[in-house]
>>> print(open('data.cif').read())   # mmCIF, C-alpha atoms
data_coords
loop_
_atom_site.label_atom_id
_atom_site.label_comp_id
_atom_site.auth_asym_id
_atom_site.auth_seq_id
_atom_site.Cartn_x
_atom_site.Cartn_y
_atom_site.Cartn_z
CA ASP Y 477 -45.17 44.20 -22.97
CA ALA Y 478 -42.02 42.92 -21.31
CA GLY Y 479 -42.53 40.52 -18.47
CA VAL Y 480 -40.33 40.04 -15.43
CA THR Y 481 -36.73 39.34 -16.38
CA GLN Y 482 -33.96 37.90 -14.23
CA SER Y 483 -30.24 37.43 -14.65
CA PRO Y 484 -28.23 35.34 -14.70
CA THR Y 485 -30.13 32.18 -15.62
CA HIS Y 486 -27.75 29.86 -13.83
CA LEU Y 487 -24.96 30.44 -11.36
CA ILE Y 488 -22.48 28.15 -9.62
CA LYS Y 489 -20.68 29.33 -6.48
CA THR Y 490 -18.68 27.74 -3.69
CA ARG Y 491 -19.39 27.87 0.02
CA GLY Y 492 -18.49 31.17 1.65
CA GLN Y 493 -18.75 33.20 -1.54
CA GLN Y 494 -21.14 36.04 -2.17
CA VAL Y 495 -23.67 36.28 -5.01
CA THR Y 496 -25.81 39.02 -6.58
CA LEU Y 497 -28.95 38.26 -8.54
CA ARG Y 498 -30.82 40.81 -10.62
CA CYS Y 499 -34.45 41.43 -11.52
CA SER Y 500 -36.31 43.83 -13.79
CA PRO Y 501 -40.03 44.09 -13.04
CA LYS Y 502 -42.86 43.88 -15.53
CA SER Y 503 -43.44 47.16 -17.35
CA GLY Y 504 -45.51 49.49 -15.18
CA HIS Y 505 -44.84 47.62 -11.94
CA ASP Y 506 -43.09 49.26 -8.99
CA THR Y 507 -42.94 46.53 -6.35
CA VAL Y 508 -40.51 43.62 -6.35
CA SER Y 509 -40.63 40.53 -4.15
CA TRP Y 510 -38.00 37.80 -3.93
CA TYR Y 511 -38.71 34.12 -3.23
CA GLN Y 512 -36.50 31.07 -2.73
CA GLN Y 513 -37.73 27.77 -4.17
CA ALA Y 514 -35.90 24.64 -3.07
CA LEU Y 515 -36.17 21.58 -5.30
CA GLY Y 516 -39.61 20.00 -5.02
CA GLN Y 517 -40.94 22.72 -2.71
CA GLY Y 518 -43.13 25.78 -2.99
CA PRO Y 519 -41.53 29.23 -3.11
CA GLN Y 520 -40.65 30.85 0.24
CA PHE Y 521 -40.93 34.62 0.65
CA ILE Y 522 -37.59 36.36 1.30
CA PHE Y 523 -38.44 40.08 1.19
CA GLN Y 524 -40.21 42.80 -0.76
CA TYR Y 525 -39.07 46.19 -2.01
CA TYR Y 526 -41.21 49.23 -2.70
CA GLU Y 527 -40.04 52.82 -3.22
CA GLU Y 528 -36.44 51.62 -2.79
CA GLU Y 529 -37.08 50.35 0.72
CA GLU Y 530 -37.59 46.89 2.21
CA ARG Y 531 -41.28 46.78 3.06
CA GLN Y 532 -41.62 43.21 4.34
CA ARG Y 533 -39.27 40.39 5.22
CA GLY Y 534 -39.70 36.66 5.56
CA ASN Y 535 -37.86 34.28 7.87
CA PHE Y 536 -34.44 34.55 6.25
CA PRO Y 537 -31.13 35.48 7.93
CA ASP Y 538 -29.35 38.79 7.47
CA ARG Y 539 -27.04 37.11 4.95
CA PHE Y 540 -29.85 37.81 2.52
CA SER Y 541 -30.08 41.47 1.60
CA GLY Y 542 -31.49 43.45 -1.26
CA HIS Y 543 -31.78 46.72 -3.01
CA GLN Y 544 -34.22 48.48 -5.29
CA PHE Y 545 -33.13 51.12 -7.78
CA PRO Y 546 -35.03 54.23 -8.93
CA ASN Y 547 -36.06 52.40 -12.13
CA TYR Y 548 -37.71 49.74 -9.87
CA SER Y 549 -35.23 47.01 -10.77
CA SER Y 550 -33.87 45.06 -7.84
CA GLU Y 551 -30.92 43.00 -6.63
CA LEU Y 552 -30.76 40.13 -4.19
CA ASN Y 553 -27.44 39.62 -2.42
CA VAL Y 554 -26.50 36.54 -0.45
CA ASN Y 555 -23.31 36.53 1.63
CA ALA Y 556 -21.36 33.61 3.10
CA LEU Y 557 -23.11 31.07 0.90
CA LEU Y 558 -24.10 27.73 2.39
CA LEU Y 559 -24.85 24.48 0.60
CA GLY Y 560 -28.48 24.91 1.67
CA ASP Y 561 -28.73 28.15 -0.30
CA SER Y 562 -28.83 26.10 -3.51
CA ALA Y 563 -32.27 26.83 -4.99
CA LEU Y 564 -34.22 28.61 -7.68
CA TYR Y 565 -34.48 32.29 -6.79
CA LEU Y 566 -37.61 33.91 -8.11
CA CYS Y 567 -38.46 37.55 -8.52
CA ALA Y 568 -42.08 38.67 -8.66
CA SER Y 569 -43.39 42.10 -9.52
CA SER Y 570 -46.64 43.89 -8.79
CA LEU Y 571 -48.12 47.37 -8.83
CA GLY Y 572 -48.37 49.17 -5.52
CA THR Y 573 -50.52 47.17 -3.14
CA ASN Y 574 -52.23 45.19 -5.92
CA ASP Y 575 -52.24 41.53 -4.92
CA GLU Y 576 -51.46 40.09 -8.36
CA GLN Y 577 -47.81 39.09 -8.57
CA PHE Y 578 -46.10 38.01 -11.75
CA PHE Y 579 -42.99 35.86 -11.56
CA GLY Y 580 -39.84 35.84 -13.62
CA PRO Y 581 -38.14 32.66 -14.88
CA GLY Y 582 -35.80 32.54 -11.90
CA THR Y 583 -32.07 32.16 -11.32
CA ARG Y 584 -30.83 28.67 -10.53
CA LEU Y 585 -28.09 28.96 -7.88
CA THR Y 586 -25.90 25.98 -7.13
CA VAL Y 587 -23.54 26.15 -4.15
CA LEU Y 588 -20.74 23.59 -4.13
CA GLN G 773 -50.87 29.28 11.26
CA GLN G 774 -48.95 30.55 8.27
CA GLN G 775 -49.07 27.21 6.49
CA VAL G 776 -51.11 26.28 3.46
CA LYS G 777 -51.57 22.52 3.14
CA GLN G 778 -51.94 21.14 -0.38
CA SER G 779 -53.00 17.71 -1.62
CA PRO G 780 -52.47 15.44 -3.41
CA GLN G 781 -48.73 15.54 -3.95
CA SER G 782 -49.14 14.06 -7.42
CA LEU G 783 -52.03 13.28 -9.73
CA ILE G 784 -52.44 11.36 -12.97
CA VAL G 785 -55.56 11.79 -15.12
CA GLN G 786 -56.50 10.88 -18.66
CA LYS G 787 -57.05 13.52 -21.32
CA GLY G 788 -60.50 15.06 -20.85
CA GLY G 789 -60.62 14.23 -17.15
CA ILE G 790 -61.14 16.78 -14.36
CA PRO G 791 -58.23 16.86 -11.91
CA ILE G 792 -59.01 18.43 -8.55
CA ILE G 793 -56.34 19.88 -6.27
CA ASN G 794 -57.16 20.84 -2.71
CA CYS G 795 -55.72 23.35 -0.27
CA ALA G 796 -56.46 24.19 3.34
CA TYR G 797 -55.39 27.10 5.51
CA GLU G 798 -55.67 28.03 9.18
CA ASN G 799 -55.10 31.77 9.28
CA THR G 800 -58.51 33.42 8.81
CA ALA G 801 -56.80 36.73 8.07
CA PHE G 802 -55.82 35.43 4.64
CA ASP G 803 -58.09 36.99 2.05
CA TYR G 804 -56.42 36.45 -1.32
CA PHE G 805 -55.98 32.94 -2.75
CA PRO G 806 -54.19 32.53 -6.11
CA TRP G 807 -53.23 29.42 -8.03
CA TYR G 808 -50.00 29.22 -9.99
CA GLN G 809 -48.87 26.82 -12.73
CA GLN G 810 -45.18 26.01 -13.07
CA PHE G 811 -43.44 24.12 -15.87
CA PRO G 812 -39.95 22.64 -15.35
CA GLY G 813 -37.26 25.31 -15.49
CA LYS G 814 -39.80 28.16 -15.52
CA GLY G 815 -41.21 30.56 -12.98
CA PRO G 816 -44.76 30.17 -11.63
CA ALA G 817 -47.49 31.67 -13.83
CA LEU G 818 -50.64 33.13 -12.26
CA LEU G 819 -53.69 31.12 -13.36
CA ILE G 820 -56.63 32.35 -11.36
CA ALA G 821 -57.31 33.87 -7.94
CA ILE G 822 -60.26 34.21 -5.59
CA ARG G 823 -61.29 36.21 -2.53
CA PRO G 824 -63.48 34.93 0.34
CA ASP G 825 -66.54 36.94 -0.70
CA VAL G 826 -67.32 34.49 -3.54
CA SER G 827 -67.64 30.70 -3.47
CA GLU G 828 -66.61 29.98 -7.04
CA LYS G 829 -64.71 31.63 -9.87
CA LYS G 830 -64.20 30.38 -13.43
CA GLU G 831 -61.64 31.46 -16.00
CA GLY G 832 -61.62 29.37 -19.13
CA ARG G 833 -61.12 25.71 -18.17
CA PHE G 834 -59.96 26.59 -14.63
CA THR G 835 -62.37 26.87 -11.70
CA ILE G 836 -61.68 27.71 -8.06
CA SER G 837 -64.15 26.54 -5.42
CA PHE G 838 -63.89 28.28 -2.04
CA ASN G 839 -65.36 27.13 1.28
CA LYS G 840 -64.81 29.88 3.84
CA SER G 841 -66.27 27.99 6.82
CA ALA G 842 -64.04 24.97 6.16
CA LYS G 843 -61.04 27.16 5.29
CA GLN G 844 -60.50 25.17 2.12
CA PHE G 845 -60.24 25.94 -1.56
CA SER G 846 -59.69 23.82 -4.63
CA LEU G 847 -58.72 24.03 -8.28
CA HIS G 848 -60.63 22.12 -10.95
CA ILE G 849 -59.28 21.81 -14.49
CA MET G 850 -62.04 21.02 -16.98
CA ASP G 851 -61.33 18.95 -20.11
CA SER G 852 -57.69 18.53 -19.11
CA GLN G 853 -55.09 18.31 -21.88
CA PRO G 854 -51.54 16.90 -21.99
CA GLY G 855 -50.30 20.50 -22.15
CA ASP G 856 -51.73 21.02 -18.65
CA SER G 857 -49.09 18.65 -17.27
CA ALA G 858 -47.20 20.83 -14.79
CA THR G 859 -46.84 21.52 -11.08
CA TYR G 860 -49.66 23.53 -9.52
CA PHE G 861 -49.29 25.64 -6.39
CA CYS G 862 -51.96 27.20 -4.25
CA ALA G 863 -51.06 30.24 -2.19
CA ALA G 864 -52.55 32.73 0.26
CA SER G 865 -51.85 36.25 1.42
CA TYR G 866 -53.37 39.28 3.11
CA THR G 867 -54.74 42.03 0.91
CA GLY G 868 -52.11 44.70 0.28
CA PHE G 869 -49.22 42.77 1.82
CA GLN G 870 -48.45 40.48 -1.12
CA LYS G 871 -46.40 38.08 1.00
CA LEU G 872 -47.54 34.86 -0.62
CA VAL G 873 -47.54 31.68 1.46
CA PHE G 874 -47.38 28.73 -0.93
CA GLY G 875 -48.55 25.15 -0.65
CA THR G 876 -46.11 22.32 -1.35
CA GLY G 877 -47.31 21.79 -4.92
CA THR G 878 -49.12 19.11 -6.90
CA ARG G 879 -47.45 17.48 -9.87
CA LEU G 880 -50.14 16.82 -12.49
CA LEU G 881 -49.69 14.44 -15.41
CA VAL G 882 -52.39 14.33 -18.09
CA SER G 883 -51.97 11.23 -20.22
CA PRO G 884 -52.94 11.36 -23.92
#
>>> encode(input="data.cif", output="structure tokens")
Amino acid sequence: DAGVTQSPTHLIKTRGQQVTLRCSPKSGHDTVSWYQQALGQGPQFIFQYYEEEERQRGNFPDRFSGHQFPNYSSELNVNALLLGDSALYLCASSLGTNDEQFFGPGTRLTVL
Amino acid sequence: QQQVKQSPQSLIVQKGGIPIINCAYENTAFDYFPWYQQFPGKGPALLIAIRPDVSEKKEGRFTISFNKSAKQFSLHIMDSQPGDSATYFCAASYTGFQKLVFGTGTRLLVSP
């Protein structure tokens, strides 16, 4: 049973660039949530996708956008990168409205 | 009102000891309270979760105690082992919305 997978593992970008992160949910799951985890902090909710639509959004600017594909995989896009965007980006999957969320290993983004 | 306050920030116990991590919340609409374990360089792993209709839940060596009137909940790790050394996060959400609000984390070290 494949768990949540994310790619790439690490990424280095410079300020002003754009980045795309990818996530494949756990087998059988249809809902994907994205979180940002700064060093030494708890994860912060960015947004959630269900049935290819954004269902909920946290307190993040419009520079953060996403997409969900028919196979339930998802992308997180961040435009005009800032130094403060450096963090571990986590994807979590769940089934429908089931509360249990399972996290992937994350993508470590460094903005120079 | 969306915050979940977690303490202590760090904790050192000897092997076999019972570390206790505490969390408090203000928003009484929260009704799902999971605990996650995170090792360095990995994503959070769901350990155990509780809802307000029960005061205690046990899964293996992990126990959650829940005090609805005080709006507090805690994680106890029985017979702790060096392999339990990790960062632990409490979280809260509303049923069906899956937008987890995380605490700031507790770094646990279990000495041999």
>>> resolve_selection(input="data.cif", expression="the PyMOL selection byres ((chain Y and resi 508) around 9)", output="JSON, numbers by chain")
{"Y": [499, 500, 501, 505, 506, 507, 509, 510, 523, 524, 525, 526, 544, 548, 549, 550, 567, 568, 569, 570, 571, 577]}
>>> closest_residue(input="data.cif", among="G:Pro806, G:Gly868, G:Pro780, G:Gly855", to="Ser837 of chain G", atoms="only C-alpha atoms")
G:Pro806
>>> closest_residue(input="data.cif", among="Y:Arg491, Y:His486, Y:Asn553, Y:Glu528", to="chain G", atoms="only C-alpha atoms")
Y:His486
>>> residues_around(input="data.cif", residues="Tyr797 of chain G", least_positions_apart="2", cutoff="8 Å", atoms="all atoms listed in the file", output="ChimeraX atom specification")
/G:773-777,795,799-800,843-844
>>> closest_residue(input="data.cif", among="Y:Pro546, Y:Gly518, Y:Gly492, Y:Pro484", to="chain G", atoms="all atoms listed in the file")
Y:Gly518
>>> interface_residues(input="data.cif", of="chain Y", to="chain G", cutoff="6 Å", atoms="only C-alpha atoms", output="number ranges by chain")
Y: 517-518, 573, 575, 579-582
>>> resolve_selection(input="data.cif", expression="the PyMOL selection byres ((chain G and resi 835) around 8)", output="PyMOL selection string")
chain G and resi 820+828-834+836-837+847-850
>>> atom_distance(input="data.cif", atom1="atom CA of Ile488 of chain Y", atom2="atom CA of Thr586 of chain Y")
4.8 Å
>>> resolve_selection(input="data.cif", expression="the PyMOL selection byres ((chain G and resi 788) around 9)", output="ChimeraX atom specification")
/G:785-787,789-790,850-853,882,884
>>> atom_distance(input="data.cif", atom1="atom CA of Pro537 of chain Y", atom2="atom CA of Leu558 of chain Y")
11.8 Å
>>> residues_around(input="data.cif", residues="Glu551 of chain Y", least_positions_apart="5", cutoff="7 Å", atoms="all atoms listed in the file", output="compact mmCIF listing (two decimals) with C-alpha atoms, in the frame of the given file")
# COMPACT_ATOMS: atom_id res chain seq x y z
CA THR Y 496 -25.81 39.02 -6.58
CA LEU Y 497 -28.95 38.26 -8.54
CA ARG Y 498 -30.82 40.81 -10.62
CA CYS Y 499 -34.45 41.43 -11.52
CA GLY Y 542 -31.49 43.45 -1.26
CA HIS Y 543 -31.78 46.72 -3.01
CA GLN Y 544 -34.22 48.48 -5.29
>>> closest_residue(input="data.cif", among="Y:Ser562, Y:Ser541, Y:Gln493, Y:Asn547", to="Arg584 of chain Y", atoms="all atoms listed in the file")
Y:Ser562
>>> atom_distance(input="data.cif", atom1="atom CA of Leu552 of chain Y", atom2="atom CA of Tyr565 of chain Y")
9.1 Å
>>> closest_residue(input="data.cif", among="Y:Thr485, Y:Gly479, Y:Leu515, Y:Gly572", to="Glu527 of chain Y", atoms="only C-alpha atoms")
Y:Gly572
>>> closest_residue(input="data.cif", among="G:Asn794, G:Ser841, G:Gln809, G:Ser846", to="Ile822 of chain G", atoms="only C-alpha atoms")
G:Ser846
>>> residues_near_point(input="data.cif", point="(-39.8, 33.3, 8.4)", cutoff="9 Å", atoms="all atoms listed in the file", output="PyMOL selection string")
chain Y and resi 520-522+533-537
>>> axis_aligned_box(input="data.cif", around="segment 502-515 of chain Y", padding_each_side="3 Å", output="AutoDock Vina command-line options")
--center_x -40.7 --center_y 35.5 --center_z -10.0 --size_x 15.6 --size_y 33.9 --size_z 20.6
